[in-house]
$ cat my_file-v2.cif   # mmCIF, C-alpha atoms
data_coords
#
loop_
_atom_site.label_atom_id
_atom_site.label_comp_id
_atom_site.auth_asym_id
_atom_site.auth_seq_id
_atom_site.Cartn_x
_atom_site.Cartn_y
_atom_site.Cartn_z
CA MET A 1 40.41 -13.61 -36.48
CA HIS A 2 41.97 -11.05 -34.13
CA GLU A 3 43.27 -13.89 -31.97
CA LEU A 4 44.83 -15.61 -35.00
CA ILE A 5 46.48 -12.37 -36.10
CA ARG A 6 47.85 -11.86 -32.59
CA ARG A 7 49.25 -15.39 -32.41
CA ILE A 8 50.93 -15.27 -35.81
CA GLU A 9 52.43 -11.87 -35.10
CA ALA A 10 53.70 -12.98 -31.70
CA ALA A 11 55.22 -16.18 -33.14
CA THR A 12 57.07 -14.44 -35.97
CA PRO A 13 60.73 -13.85 -35.08
CA PRO A 14 61.97 -10.28 -35.60
CA ASN A 15 64.62 -11.43 -38.09
CA ARG A 16 62.18 -13.16 -40.45
CA ASP A 17 62.18 -11.57 -43.89
CA ARG A 18 58.48 -11.33 -44.48
CA ALA A 19 58.97 -9.95 -47.98
CA VAL A 20 60.29 -13.36 -49.10
CA ASP A 21 57.02 -14.97 -48.06
CA ALA A 22 55.09 -12.19 -49.83
CA LEU A 23 56.95 -12.81 -53.09
CA ARG A 24 56.23 -16.55 -52.87
CA ALA A 25 52.54 -15.88 -52.26
CA PHE A 26 52.45 -13.42 -55.17
CA ALA A 27 54.07 -15.97 -57.49
CA ILE A 28 51.63 -18.75 -56.59
CA LEU A 29 48.55 -16.55 -56.82
CA GLY A 30 49.77 -15.15 -60.14
CA VAL A 31 49.96 -18.66 -61.59
CA VAL A 32 46.50 -19.52 -60.29
CA LEU A 33 44.87 -16.37 -61.62
CA GLY A 34 46.73 -16.76 -64.91
CA HIS A 35 45.43 -20.28 -65.44
CA TRP A 36 41.90 -19.25 -64.59
CA LEU A 37 41.99 -16.37 -67.07
CA VAL A 38 43.87 -17.87 -70.03
CA THR A 39 42.40 -21.39 -69.92
CA ALA A 40 38.90 -22.19 -71.15
CA LEU A 41 36.98 -25.45 -71.42
CA VAL A 42 34.61 -25.24 -74.37
CA ALA A 43 31.55 -27.50 -74.65
CA ASP A 44 31.60 -28.83 -78.21
CA SER A 45 29.34 -31.65 -79.46
CA GLY A 46 29.15 -33.38 -76.12
CA THR A 47 32.86 -33.07 -75.29
CA LEU A 48 34.98 -30.55 -73.44
CA ARG A 49 38.11 -29.24 -75.11
CA ALA A 50 40.68 -26.82 -73.76
CA THR A 51 41.48 -23.58 -75.53
CA SER A 52 42.77 -20.12 -74.63
CA PRO A 53 41.47 -16.59 -75.13
CA LEU A 54 44.99 -15.70 -76.28
CA SER A 55 44.38 -17.83 -79.38
CA HIS A 56 41.33 -15.78 -80.29
CA MET A 57 42.24 -12.38 -78.83
CA PRO A 58 45.98 -11.74 -79.21
CA GLN A 59 45.40 -8.20 -77.94
CA LEU A 60 45.20 -9.75 -74.49
CA THR A 61 48.87 -10.78 -74.67
CA PRO A 62 49.95 -8.17 -72.06
CA VAL A 63 47.92 -10.15 -69.51
CA SER A 64 50.54 -12.89 -69.82
CA TRP A 65 53.24 -10.41 -68.81
CA LEU A 66 51.49 -9.79 -65.51
CA LEU A 67 50.45 -13.33 -64.65
CA GLN A 68 53.48 -15.40 -65.68
CA THR A 69 55.24 -15.30 -62.32
CA LEU A 70 57.22 -18.54 -62.25
CA SER A 71 60.58 -16.76 -62.34
CA VAL A 72 59.74 -15.07 -59.05
CA PHE A 73 58.88 -18.46 -57.57
CA PHE A 74 62.23 -19.92 -58.67
CA LEU A 75 64.05 -16.81 -57.40
CA VAL A 76 62.52 -17.27 -53.96
CA GLY A 77 63.09 -21.03 -54.17
CA GLY A 78 66.77 -20.50 -54.84
CA LYS A 79 67.06 -18.07 -51.96
CA VAL A 80 65.26 -20.31 -49.48
CA GLY A 81 66.93 -23.47 -50.79
CA ALA A 82 70.46 -22.07 -50.52
CA ALA A 83 69.80 -20.59 -47.11
CA GLY A 84 68.17 -23.77 -45.83
CA TYR A 85 71.03 -25.91 -47.10
CA ALA A 86 73.59 -23.64 -45.43
CA SER A 87 71.61 -23.78 -42.20
CA ALA A 88 71.49 -27.60 -42.39
CA GLN A 89 75.26 -27.69 -42.90
CA ALA A 90 75.76 -25.44 -39.90
CA ARG A 91 73.71 -27.83 -37.77
CA GLY A 92 75.71 -30.80 -39.03
CA GLU A 93 72.73 -32.23 -40.90
CA SER A 94 73.51 -34.50 -43.86
CA TYR A 95 72.61 -33.60 -47.43
CA GLY A 96 70.38 -36.67 -47.67
CA LYS A 97 68.37 -35.78 -44.60
CA TRP A 98 67.96 -32.17 -45.73
CA LEU A 99 66.90 -33.19 -49.23
CA GLY A 100 64.54 -35.89 -47.97
CA ALA A 101 62.69 -33.38 -45.81
CA ARG A 102 62.41 -30.93 -48.70
CA MET A 103 61.11 -33.58 -51.11
CA ALA A 104 58.58 -34.90 -48.61
CA ARG A 105 57.11 -31.42 -48.13
CA LEU A 106 57.03 -30.93 -51.88
CA PHE A 107 55.51 -34.23 -53.03
CA ARG A 108 53.25 -35.33 -50.16
CA PRO A 109 50.39 -33.13 -51.45
CA VAL A 110 51.01 -34.32 -55.04
CA ALA A 111 50.20 -37.91 -54.11
CA ALA A 112 46.70 -36.86 -53.05
CA VAL A 113 46.04 -35.16 -56.39
CA LEU A 114 47.23 -38.16 -58.38
CA VAL A 115 45.14 -40.65 -56.40
CA VAL A 116 41.98 -38.54 -56.56
CA TRP A 117 42.28 -37.93 -60.28
CA ALA A 118 43.08 -41.56 -61.04
CA VAL A 119 39.75 -42.45 -59.41
CA VAL A 120 37.90 -39.57 -61.11
CA ALA A 121 39.28 -40.43 -64.55
CA GLY A 122 38.31 -44.08 -64.15
CA ALA A 123 34.82 -43.16 -62.98
CA LEU A 124 34.33 -40.76 -65.90
CA LEU A 125 35.37 -43.37 -68.45
CA VAL A 126 33.14 -46.05 -66.89
CA SER A 127 30.18 -43.67 -66.90
CA GLY A 128 30.57 -43.11 -70.63
CA VAL A 129 32.39 -39.77 -70.77
CA GLY A 130 34.44 -39.54 -73.95
CA VAL A 131 38.16 -40.22 -73.97
CA GLU A 132 38.88 -36.77 -75.47
CA THR A 133 37.08 -35.04 -72.60
CA VAL A 134 38.93 -37.09 -69.97
CA ARG A 135 42.23 -36.44 -71.72
CA ALA A 136 41.58 -32.69 -71.76
CA LEU A 137 40.74 -32.68 -68.05
CA LEU A 138 43.78 -34.74 -67.08
CA LYS A 139 46.05 -32.52 -69.12
CA LEU A 140 44.85 -29.46 -67.24
CA VAL A 141 45.46 -31.19 -63.91
CA LEU A 142 48.81 -32.78 -64.71
CA SER A 143 50.50 -30.25 -66.96
CA PRO A 144 51.22 -27.74 -64.15
CA LEU A 145 53.11 -30.48 -62.29
CA TRP A 146 56.05 -30.19 -64.70
CA PHE A 147 57.38 -27.23 -62.79
CA LEU A 148 57.44 -29.21 -59.54
CA LEU A 149 59.71 -31.78 -61.18
CA VAL A 150 62.03 -29.02 -62.37
CA PHE A 151 61.96 -27.37 -58.97
CA ALA A 152 62.75 -30.70 -57.29
CA ALA A 153 65.72 -31.25 -59.61
CA LEU A 154 67.08 -27.77 -58.94
CA THR A 155 66.58 -28.25 -55.21
CA ALA A 156 68.55 -31.49 -55.36
CA ALA A 157 71.31 -29.64 -57.22
CA THR A 158 71.43 -26.79 -54.68
CA PRO A 159 74.96 -27.65 -53.41
CA LEU A 160 76.22 -27.13 -56.98
CA LEU A 161 73.99 -24.22 -57.93
CA VAL A 162 75.01 -22.11 -54.94
CA ARG A 163 78.48 -22.00 -56.49
CA LEU A 164 77.31 -21.44 -60.07
CA ASN A 165 77.41 -17.99 -61.61
CA PRO A 166 73.97 -17.27 -63.15
CA LEU A 167 75.71 -16.22 -66.36
CA TRP A 168 76.50 -19.87 -67.12
CA PRO A 169 72.90 -21.10 -67.47
CA ILE A 170 72.10 -17.90 -69.38
CA ALA A 171 74.87 -18.81 -71.82
CA VAL A 172 73.42 -22.31 -72.18
CA VAL A 173 69.97 -20.90 -73.01
CA LEU A 174 71.50 -18.49 -75.54
CA HIS A 175 73.44 -21.20 -77.37
CA VAL A 176 70.52 -23.64 -77.34
CA ASP A 177 68.30 -20.98 -78.92
CA LEU A 178 70.97 -20.19 -81.53
CA LEU A 179 71.02 -23.86 -82.48
CA ARG A 180 67.28 -24.29 -82.22
CA PHE A 181 66.25 -21.30 -84.32
CA GLY A 182 69.36 -20.71 -86.40
CA VAL A 183 70.68 -24.14 -87.37
CA LEU A 184 68.20 -26.85 -86.43
CA GLU A 185 64.43 -27.12 -86.50
CA PRO A 186 62.59 -25.48 -83.56
CA ASP A 187 60.88 -28.77 -82.67
CA ASP A 188 63.90 -31.08 -82.96
CA GLY A 189 64.11 -31.54 -79.18
CA THR A 190 67.21 -29.44 -78.54
CA GLY A 191 65.18 -26.80 -76.75
CA TRP A 192 64.33 -29.13 -73.89
CA VAL A 193 67.82 -28.54 -72.50
CA ASN A 194 66.46 -25.14 -71.54
CA VAL A 195 63.91 -26.64 -69.16
CA ALA A 196 66.73 -27.08 -66.65
CA ALA A 197 68.99 -24.25 -67.79
CA GLY A 198 66.23 -21.65 -68.15
CA TRP A 199 64.79 -22.09 -64.67
CA ALA A 200 68.25 -22.48 -63.18
CA VAL A 201 68.81 -18.80 -64.00
CA PRO A 202 66.38 -17.32 -61.43
CA TYR A 203 67.21 -20.14 -59.01
CA CYS A 204 70.91 -19.21 -59.16
CA PHE A 205 70.07 -15.55 -58.68
CA GLY A 206 68.07 -16.59 -55.64
CA ALA A 207 71.09 -18.48 -54.28
CA LEU A 208 73.21 -15.37 -54.93
CA TRP A 209 70.61 -13.30 -53.09
CA ALA A 210 70.90 -15.67 -50.10
CA ARG A 211 74.62 -14.88 -49.98
CA ASP A 212 73.84 -11.14 -50.04
CA GLY A 213 75.26 -11.03 -53.55
CA LEU A 214 72.58 -8.66 -54.86
CA PRO A 215 72.63 -5.84 -52.32
CA ARG A 216 73.05 -2.80 -54.54
CA PRO A 217 70.03 -1.15 -56.16
CA ALA A 218 72.07 -0.70 -59.34
CA ILE A 219 72.26 -4.49 -59.81
CA ARG A 220 68.53 -4.84 -59.30
CA TRP A 221 67.75 -2.01 -61.72
CA THR A 222 70.08 -3.62 -64.25
CA LEU A 223 68.15 -6.88 -64.02
CA LEU A 224 64.82 -5.09 -64.43
CA LEU A 225 65.73 -2.69 -67.24
CA GLY A 226 68.22 -4.96 -68.99
CA GLY A 227 65.88 -7.94 -68.93
CA ALA A 228 62.97 -5.84 -70.21
CA ALA A 229 65.09 -4.32 -73.00
CA VAL A 230 66.41 -7.70 -74.17
CA THR A 231 62.90 -9.16 -74.10
CA ALA A 232 61.58 -6.27 -76.21
CA VAL A 233 64.36 -6.69 -78.78
CA LEU A 234 63.88 -10.45 -78.99
CA VAL A 235 60.13 -10.04 -79.55
CA ALA A 236 60.27 -7.03 -81.90
CA VAL A 237 63.36 -7.97 -83.91
CA ALA A 238 64.16 -11.65 -83.48
CA GLY A 239 60.59 -12.89 -83.89
CA TYR A 240 60.06 -14.47 -80.47
CA PRO A 241 56.40 -14.75 -79.36
CA ALA A 242 55.11 -11.80 -77.38
CA SER A 243 53.07 -14.04 -75.06
CA MET A 244 54.95 -15.28 -72.01
CA VAL A 245 52.61 -18.25 -71.64
CA GLY A 246 51.84 -21.03 -74.06
CA VAL A 247 49.20 -20.35 -76.71
CA PRO A 248 47.45 -23.38 -78.25
CA GLY A 249 48.27 -23.68 -81.94
CA ALA A 250 51.27 -21.34 -81.82
CA GLU A 251 54.36 -22.54 -83.69
CA VAL A 252 56.71 -21.53 -80.85
CA SER A 253 56.04 -21.21 -77.12
CA ASN A 254 58.20 -19.15 -74.78
CA LEU A 255 57.57 -21.63 -71.99
CA ASN A 256 57.43 -25.04 -73.60
CA PRO A 257 60.41 -25.20 -73.51
CA PRO A 258 61.75 -21.90 -72.10
CA THR A 259 63.33 -19.55 -74.63
CA LEU A 260 65.86 -16.77 -74.25
CA ALA A 261 62.94 -14.32 -74.29
CA ALA A 262 61.32 -16.08 -71.32
CA VAL A 263 64.62 -16.03 -69.43
CA ALA A 264 65.18 -12.34 -70.16
CA PHE A 265 61.62 -11.57 -69.09
CA GLY A 266 62.21 -13.59 -65.93
CA LEU A 267 65.31 -11.54 -65.15
CA ALA A 268 63.23 -8.38 -65.43
CA GLN A 269 60.72 -9.91 -63.00
CA CYS A 270 63.52 -10.84 -60.60
CA GLY A 271 64.85 -7.28 -60.69
CA ALA A 272 61.38 -5.90 -59.99
CA ALA A 273 60.87 -8.36 -57.13
CA LEU A 274 64.18 -7.39 -55.51
CA LEU A 275 63.40 -3.69 -55.84
CA LEU A 276 60.05 -4.25 -54.11
CA LEU A 277 61.60 -5.84 -51.04
CA GLU A 278 61.81 -2.71 -48.90
CA PRO A 279 58.27 -1.47 -49.71
CA LEU A 280 56.95 -4.96 -48.98
CA ARG A 281 58.78 -5.09 -45.66
CA ARG A 282 57.18 -1.82 -44.61
CA VAL A 283 53.68 -2.98 -45.59
CA LEU A 284 54.13 -6.36 -43.91
CA ARG A 285 54.79 -4.76 -40.56
CA ARG A 286 51.01 -4.57 -40.34
CA PRO A 287 49.91 -7.73 -38.50
CA ALA A 288 46.75 -8.25 -40.57
CA VAL A 289 48.65 -8.06 -43.87
CA TRP A 290 51.35 -10.40 -42.61
CA THR A 291 48.72 -12.89 -41.42
CA ALA A 292 47.19 -13.04 -44.90
CA VAL A 293 50.62 -13.69 -46.44
CA ALA A 294 51.48 -16.33 -43.84
CA LEU A 295 48.22 -18.19 -44.43
CA VAL A 296 48.72 -18.22 -48.21
CA ASN A 297 52.20 -19.66 -47.73
CA LEU A 298 50.83 -22.25 -45.35
CA SER A 299 48.62 -23.64 -48.13
CA ALA A 300 50.65 -22.64 -51.20
CA MET A 301 51.02 -26.17 -52.55
CA THR A 302 47.39 -27.04 -51.90
CA VAL A 303 46.25 -23.92 -53.73
CA PHE A 304 48.57 -24.62 -56.66
CA LEU A 305 47.71 -28.30 -56.99
CA TRP A 306 43.93 -27.95 -56.74
CA HIS A 307 43.16 -24.66 -58.50
CA GLN A 308 42.61 -26.35 -61.87
CA THR A 309 40.38 -28.95 -60.25
CA ALA A 310 38.31 -26.16 -58.71
CA MET A 311 37.85 -24.52 -62.10
CA MET A 312 36.89 -27.82 -63.74
CA ALA A 313 34.44 -28.66 -60.96
CA VAL A 314 32.63 -25.37 -61.53
CA THR A 315 32.69 -25.93 -65.28
CA ALA A 316 31.29 -29.46 -64.97
CA SER A 317 28.60 -28.33 -62.56
CA GLY A 318 27.60 -25.61 -64.98
CA LEU A 319 26.82 -28.24 -67.62
CA LEU A 320 23.82 -29.22 -65.53
CA ALA A 321 22.20 -25.95 -66.62
CA GLY A 322 21.75 -27.43 -70.08
CA ASP A 323 22.82 -24.57 -72.30
CA PRO A 324 26.49 -23.47 -72.40
CA LEU A 325 27.14 -20.70 -69.89
CA PRO A 326 29.02 -17.57 -71.06
CA GLY A 327 32.57 -17.39 -69.77
CA LEU A 328 32.43 -21.02 -68.67
CA HIS A 329 31.65 -23.20 -71.70
CA THR A 330 31.68 -20.74 -74.59
CA VAL A 331 34.49 -19.95 -77.03
CA PRO A 332 36.72 -17.20 -75.57
CA ASP A 333 36.60 -14.94 -78.61
CA GLY A 334 35.35 -11.58 -77.39
CA ALA A 335 35.05 -9.02 -74.61
CA GLY A 336 31.82 -10.67 -73.45
CA TRP A 337 33.71 -13.83 -72.57
CA VAL A 338 36.31 -11.81 -70.62
CA PHE A 339 33.74 -10.04 -68.48
CA ALA A 340 31.81 -13.26 -67.94
CA ARG A 341 34.98 -15.10 -66.91
CA LEU A 342 35.82 -12.35 -64.41
CA ALA A 343 32.36 -12.81 -62.93
CA TRP A 344 33.06 -16.55 -62.48
CA LEU A 345 36.30 -15.99 -60.54
CA PRO A 346 34.59 -15.72 -57.12
CA VAL A 347 32.89 -19.06 -57.80
CA PHE A 348 36.28 -20.59 -58.66
CA VAL A 349 37.60 -19.24 -55.35
CA LEU A 350 34.76 -20.86 -53.42
CA ALA A 351 35.42 -24.19 -55.14
CA LEU A 352 39.12 -23.86 -54.35
CA LEU A 353 38.30 -23.19 -50.70
CA ALA A 354 36.33 -26.44 -50.66
CA CYS A 355 39.34 -28.29 -52.09
CA TRP A 356 41.57 -26.58 -49.54
CA ALA A 357 39.33 -27.71 -46.69
CA ALA A 358 39.41 -31.30 -47.96
CA PHE A 359 43.10 -31.66 -48.80
CA ARG A 360 45.11 -29.12 -46.81
CA THR A 361 46.10 -31.75 -44.23
CA TYR A 362 48.38 -33.36 -46.82
CA GLU A 363 50.47 -30.19 -46.83
CA GLN A 364 50.14 -28.98 -43.26
CA ARG A 365 51.63 -30.88 -40.40
CA GLN A 366 50.00 -30.91 -37.00
CA ARG A 367 49.87 -27.44 -35.55
CA ALA A 368 51.39 -26.54 -32.28
CA SER A 369 49.20 -26.49 -29.23
CA ARG A 370 48.91 -22.72 -29.56
CA GLY A 371 47.43 -23.12 -33.02
CA VAL A 372 50.15 -21.21 -34.89
CA PRO A 373 50.61 -22.30 -38.55
CA ARG A 374 53.80 -24.21 -39.38
CA VAL A 375 54.86 -21.59 -41.89
CA VAL A 376 55.33 -19.24 -38.94
CA ARG A 377 56.53 -21.76 -36.35
CA GLU A 378 59.33 -23.27 -38.41
CA GLN A 379 61.74 -20.39 -38.53
CA ARG A 380 65.29 -20.68 -39.75
CA THR A 381 67.93 -18.15 -38.89
CA VAL A 382 69.85 -18.62 -42.11
CA ARG A 383 71.27 -15.29 -43.25
CA THR A 384 74.27 -15.48 -40.92
CA THR A 385 75.03 -19.10 -41.71
CA VAL A 386 74.93 -18.42 -45.46
CA LYS A 387 77.21 -15.41 -45.19
CA ASP A 388 79.71 -17.38 -43.10
CA ARG A 389 80.09 -20.16 -45.64
CA PRO A 390 83.63 -20.55 -46.97
#

$ encode --input "my_file-v2.cif" --output "structure tokens"
Amino acid sequence: MHELIRRIEAATPPNRDRAVDALRAFAILGVVLGHWLVTALVADSGTLRATSPLSHMPQLTPVSWLLQTLSVFFLVGGKVGAAGYASAQARGESYGKWLGARMARLFRPVAAVLVVWAVVAGALLVSGVGVETVRALLKLVLSPLWFLLVFAALTAATPLLVRLNPLWPIAVVLHVDLLRFGVLEPDDGTGWVNVAAGWAVPYCFGALWARDGLPRPAIRWTLLLGGAAVTAVLVAVAGYPASMVGVPGAEVSNLNPPTLAAVAFGLAQCGAALLLLEPLRRVLRRPAVWTAVALVNLSAMTVFLWHQTAMMAVTASGLLAGDPLPGLHTVPDGAGWVFARLAWLPVFVLALLACWAAFRTYEQRQRASRGVPRVVREQRTVRTTVKDRP
């Protein structure tokens, strides 16, 4: 371990902004932990069905405020995407080549998930597992992939988004919500415009960050406090859901599709993330801490794509015990379930490590002869090239 820490520290250029990597790792781990805590598979008459403790215990809603971290991911994605595109331009690299490389890194690990689960689903159906159970399992595996499609679309639109003021997608979200909740029916389909517009907001702020357009603390405090205040008003006065994740059975979800409340909450998260940059940079000067962050980033896609599979593998294995196990197969309707689920988290982590060992090669390219992870080796000096853009 000491040798790995030494190699990663030695290979990290002095101008690398380690805080960016820390924010990406935080966003991915927040999504993973959120899914593990707010998703439950309940054994019911021989089938497994998905539910959420938020449906039974609305007092847990504040948990969704801590673990819904997608806005931070899109903020970092916009920053890295804009900087990488500017760097590619400076090297004379074509848009097609730059985009192809980005899409390959994004979707190569997805192919492995789809193939494995196509085989698993077929095997389950042939062995007599009910269609409802298979559908519930596939939904848990496939539903998180929506954000990758959105992220890919925003990445492809980076040359346009780097020139777009973030106020424009905010205005789109506002007007869509006015139509959706004031004139039309909430489920008429209009809200799906916000899937692109809503996540374009943090992505555009990330692109602005890449151009050093968010340097002053006052701007960052405005995002944090203004976003939090608008979110509170929308929830308390305008009737938006308080949960920042989807709740089964709820009439309106803040995420499916994104609402103005979700966007405002995301702006508050972006402000908080930007304010944390300097403290993070100080902490990440410690080689051991930086190594942990670098390794999470090295396997970020593998962790994201397989964390639901890890949870389901543990749940399915638990069925062999015969009786439903608390926190694993039981209805999430009380404090007992919460404490039991927390006790299962280390088991989920072990299962995820097994998935990581089996499928990480689809994300990681061959390491250098010195054994330094790609996330550290592939450095891009992008800040100067972004600032020098016309």

$ resolve_selection --input "my_file-v2.cif" --expression "the PyMOL selection byres ((chain A and resi 39-41) around 8)" --output "list in words"
His35, Trp36, Leu37, Val38, Val42, Ala43, Leu48, Arg49, Ala50, Thr51, Ser52, Pro53, Thr315, Leu328, His329, Thr330, Val331 and Pro332 of chain A

$ write_last_selection --input "my_file-v2.cif" --atoms "C-alpha atoms" --output "compact mmCIF listing (two decimals), keeping the file's coordinate frame"
# COMPACT_ATOMS: atom_id res chain seq x y z
CA HIS A 35 45.43 -20.28 -65.44
CA TRP A 36 41.90 -19.25 -64.59
CA LEU A 37 41.99 -16.37 -67.07
CA VAL A 38 43.87 -17.87 -70.03
CA VAL A 42 34.61 -25.24 -74.37
CA ALA A 43 31.55 -27.50 -74.65
CA LEU A 48 34.98 -30.55 -73.44
CA ARG A 49 38.11 -29.24 -75.11
CA ALA A 50 40.68 -26.82 -73.76
CA THR A 51 41.48 -23.58 -75.53
CA SER A 52 42.77 -20.12 -74.63
CA PRO A 53 41.47 -16.59 -75.13
CA THR A 315 32.69 -25.93 -65.28
CA LEU A 328 32.43 -21.02 -68.67
CA HIS A 329 31.65 -23.20 -71.70
CA THR A 330 31.68 -20.74 -74.59
CA VAL A 331 34.49 -19.95 -77.03
CA PRO A 332 36.72 -17.20 -75.57

$ resolve_selection --input "my_file-v2.cif" --expression "the PyMOL selection byres ((chain A and resi 175-180) around 12)" --output "PDB file with C-alpha atoms, in the coordinates of the input"
ATOM      1  CA  TRP A 168      76.500 -19.870 -67.120  1.00  0.00           C
ATOM      2  CA  PRO A 169      72.900 -21.100 -67.470  1.00  0.00           C
ATOM      3  CA  ILE A 170      72.100 -17.900 -69.380  1.00  0.00           C
ATOM      4  CA  ALA A 171      74.870 -18.810 -71.820  1.00  0.00           C
ATOM      5  CA  VAL A 172      73.420 -22.310 -72.180  1.00  0.00           C
ATOM      6  CA  VAL A 173      69.970 -20.900 -73.010  1.00  0.00           C
ATOM      7  CA  LEU A 174      71.500 -18.490 -75.540  1.00  0.00           C
ATOM      8  CA  PHE A 181      66.250 -21.300 -84.320  1.00  0.00           C
ATOM      9  CA  GLY A 182      69.360 -20.710 -86.400  1.00  0.00           C
ATOM     10  CA  VAL A 183      70.680 -24.140 -87.370  1.00  0.00           C
ATOM     11  CA  LEU A 184      68.200 -26.850 -86.430  1.00  0.00           C
ATOM     12  CA  GLU A 185      64.430 -27.120 -86.500  1.00  0.00           C
ATOM     13  CA  PRO A 186      62.590 -25.480 -83.560  1.00  0.00           C
ATOM     14  CA  ASP A 187      60.880 -28.770 -82.670  1.00  0.00           C
ATOM     15  CA  ASP A 188      63.900 -31.080 -82.960  1.00  0.00           C
ATOM     16  CA  GLY A 189      64.110 -31.540 -79.180  1.00  0.00           C
ATOM     17  CA  THR A 190      67.210 -29.440 -78.540  1.00  0.00           C
ATOM     18  CA  GLY A 191      65.180 -26.800 -76.750  1.00  0.00           C
ATOM     19  CA  TRP A 192      64.330 -29.130 -73.890  1.00  0.00           C
ATOM     20  CA  VAL A 193      67.820 -28.540 -72.500  1.00  0.00           C
ATOM     21  CA  ASN A 194      66.460 -25.140 -71.540  1.00  0.00           C
ATOM     22  CA  VAL A 195      63.910 -26.640 -69.160  1.00  0.00           C
ATOM     23  CA  ALA A 196      66.730 -27.080 -66.650  1.00  0.00           C
ATOM     24  CA  ALA A 197      68.990 -24.250 -67.790  1.00  0.00           C
ATOM     25  CA  GLY A 198      66.230 -21.650 -68.150  1.00  0.00           C
ATOM     26  CA  LEU A 234      63.880 -10.450 -78.990  1.00  0.00           C
ATOM     27  CA  ALA A 238      64.160 -11.650 -83.480  1.00  0.00           C
ATOM     28  CA  TYR A 240      60.060 -14.470 -80.470  1.00  0.00           C
ATOM     29  CA  VAL A 252      56.710 -21.530 -80.850  1.00  0.00           C
ATOM     30  CA  ASN A 254      58.200 -19.150 -74.780  1.00  0.00           C
ATOM     31  CA  PRO A 257      60.410 -25.200 -73.510  1.00  0.00           C
ATOM     32  CA  PRO A 258      61.750 -21.900 -72.100  1.00  0.00           C
ATOM     33  CA  THR A 259      63.330 -19.550 -74.630  1.00  0.00           C
ATOM     34  CA  LEU A 260      65.860 -16.770 -74.250  1.00  0.00           C
ATOM     35  CA  ALA A 261      62.940 -14.320 -74.290  1.00  0.00           C
ATOM     36  CA  ALA A 262      61.320 -16.080 -71.320  1.00  0.00           C
ATOM     37  CA  VAL A 263      64.620 -16.030 -69.430  1.00  0.00           C
TER      38      VAL A 263
END

$ resolve_selection --input "my_file-v2.cif" --expression "the PyMOL selection byres ((chain A and resi 344) around 10)" --output "compact mmCIF listing (two decimals) with C-alpha atoms, keeping the file's coordinate frame"
# COMPACT_ATOMS: atom_id res chain seq x y z
CA TRP A 36 41.90 -19.25 -64.59
CA MET A 311 37.85 -24.52 -62.10
CA VAL A 314 32.63 -25.37 -61.53
CA THR A 315 32.69 -25.93 -65.28
CA PRO A 326 29.02 -17.57 -71.06
CA GLY A 327 32.57 -17.39 -69.77
CA LEU A 328 32.43 -21.02 -68.67
CA VAL A 338 36.31 -11.81 -70.62
CA PHE A 339 33.74 -10.04 -68.48
CA ALA A 340 31.81 -13.26 -67.94
CA ARG A 341 34.98 -15.10 -66.91
CA LEU A 342 35.82 -12.35 -64.41
CA ALA A 343 32.36 -12.81 -62.93
CA LEU A 345 36.30 -15.99 -60.54
CA PRO A 346 34.59 -15.72 -57.12
CA VAL A 347 32.89 -19.06 -57.80
CA PHE A 348 36.28 -20.59 -58.66
CA VAL A 349 37.60 -19.24 -55.35

$ atom_distance --input "my_file-v2.cif" --atom1 "atom CA of A:Val247" --atom2 "atom CA of A:Phe151"
23.0 Å

$ closest_residue --input "my_file-v2.cif" --among "A:Arg6, A:His307, A:Arg211, A:Arg16" --to "A:Ala351" --atoms "all atoms listed in the file"
A:His307

$ closest_residue --input "my_file-v2.cif" --among "A:Leu276, A:Ala11, A:Val141, A:Leu284" --to "A:Val72" --atoms "all atoms listed in the file"
A:Leu276

$ atom_distance --input "my_file-v2.cif" --atom1 "atom CA of A:Pro144" --atom2 "atom CA of A:Val162"
26.1 Å

$ closest_residue --input "my_file-v2.cif" --among "A:Ser45, A:Gly249, A:Trp356, A:Ala27" --to "A:Asp323" --atoms "only C-alpha atoms"
A:Ser45

$ atom_distance --input "my_file-v2.cif" --atom1 "atom CA of A:Trp221" --atom2 "atom CA of A:Pro166"
16.5 Å

$ residues_around --input "my_file-v2.cif" --residues "A:Lys79" --least-positions-apart "2" --cutoff "7 Å" --atoms "all atoms listed in the file" --output "JSON, numbers by chain"
{"A": [75, 76, 77, 81, 82, 83, 206, 207, 209, 210]}

$ residues_around --input "my_file-v2.cif" --residues "A:Gln68" --least-positions-apart "5" --cutoff "8 Å" --atoms "all atoms listed in the file" --output "PyMOL selection string"
chain A and resi 30-31+34+244-245

$ closest_residue --input "my_file-v2.cif" --among "A:Val235, A:Val120, A:Cys355, A:Leu23" --to "A:Leu274" --atoms "all atoms listed in the file"
A:Leu23

$ residues_around --input "my_file-v2.cif" --residues "A:Val293" --least-positions-apart "4" --cutoff "7 Å" --atoms "only C-alpha atoms" --output "short mmCIF file (atom, residue, chain, number, x, y, z; two decimals) with C-alpha atoms, in the coordinates of the input"
data_model
loop_
_atom_site.label_atom_id
_atom_site.label_comp_id
_atom_site.auth_asym_id
_atom_site.auth_seq_id
_atom_site.Cartn_x
_atom_site.Cartn_y
_atom_site.Cartn_z
CA ASP A 21 57.02 -14.97 -48.06
CA ALA A 22 55.09 -12.19 -49.83
CA ALA A 25 52.54 -15.88 -52.26
CA VAL A 289 48.65 -8.06 -43.87
CA ASN A 297 52.20 -19.66 -47.73
#

$ residues_around --input "my_file-v2.cif" --residues "A:Arg163" --least-positions-apart "4" --cutoff "9 Å" --atoms "all atoms listed in the file" --output "PDB file with C-alpha atoms, in the coordinates of the input"
ATOM      1  CA  THR A 158      71.430 -26.790 -54.680  1.00  0.00           C
ATOM      2  CA  PRO A 159      74.960 -27.650 -53.410  1.00  0.00           C
ATOM      3  CA  CYS A 204      70.910 -19.210 -59.160  1.00  0.00           C
ATOM      4  CA  ALA A 207      71.090 -18.480 -54.280  1.00  0.00           C
ATOM      5  CA  LEU A 208      73.210 -15.370 -54.930  1.00  0.00           C
TER       6      LEU A 208
END
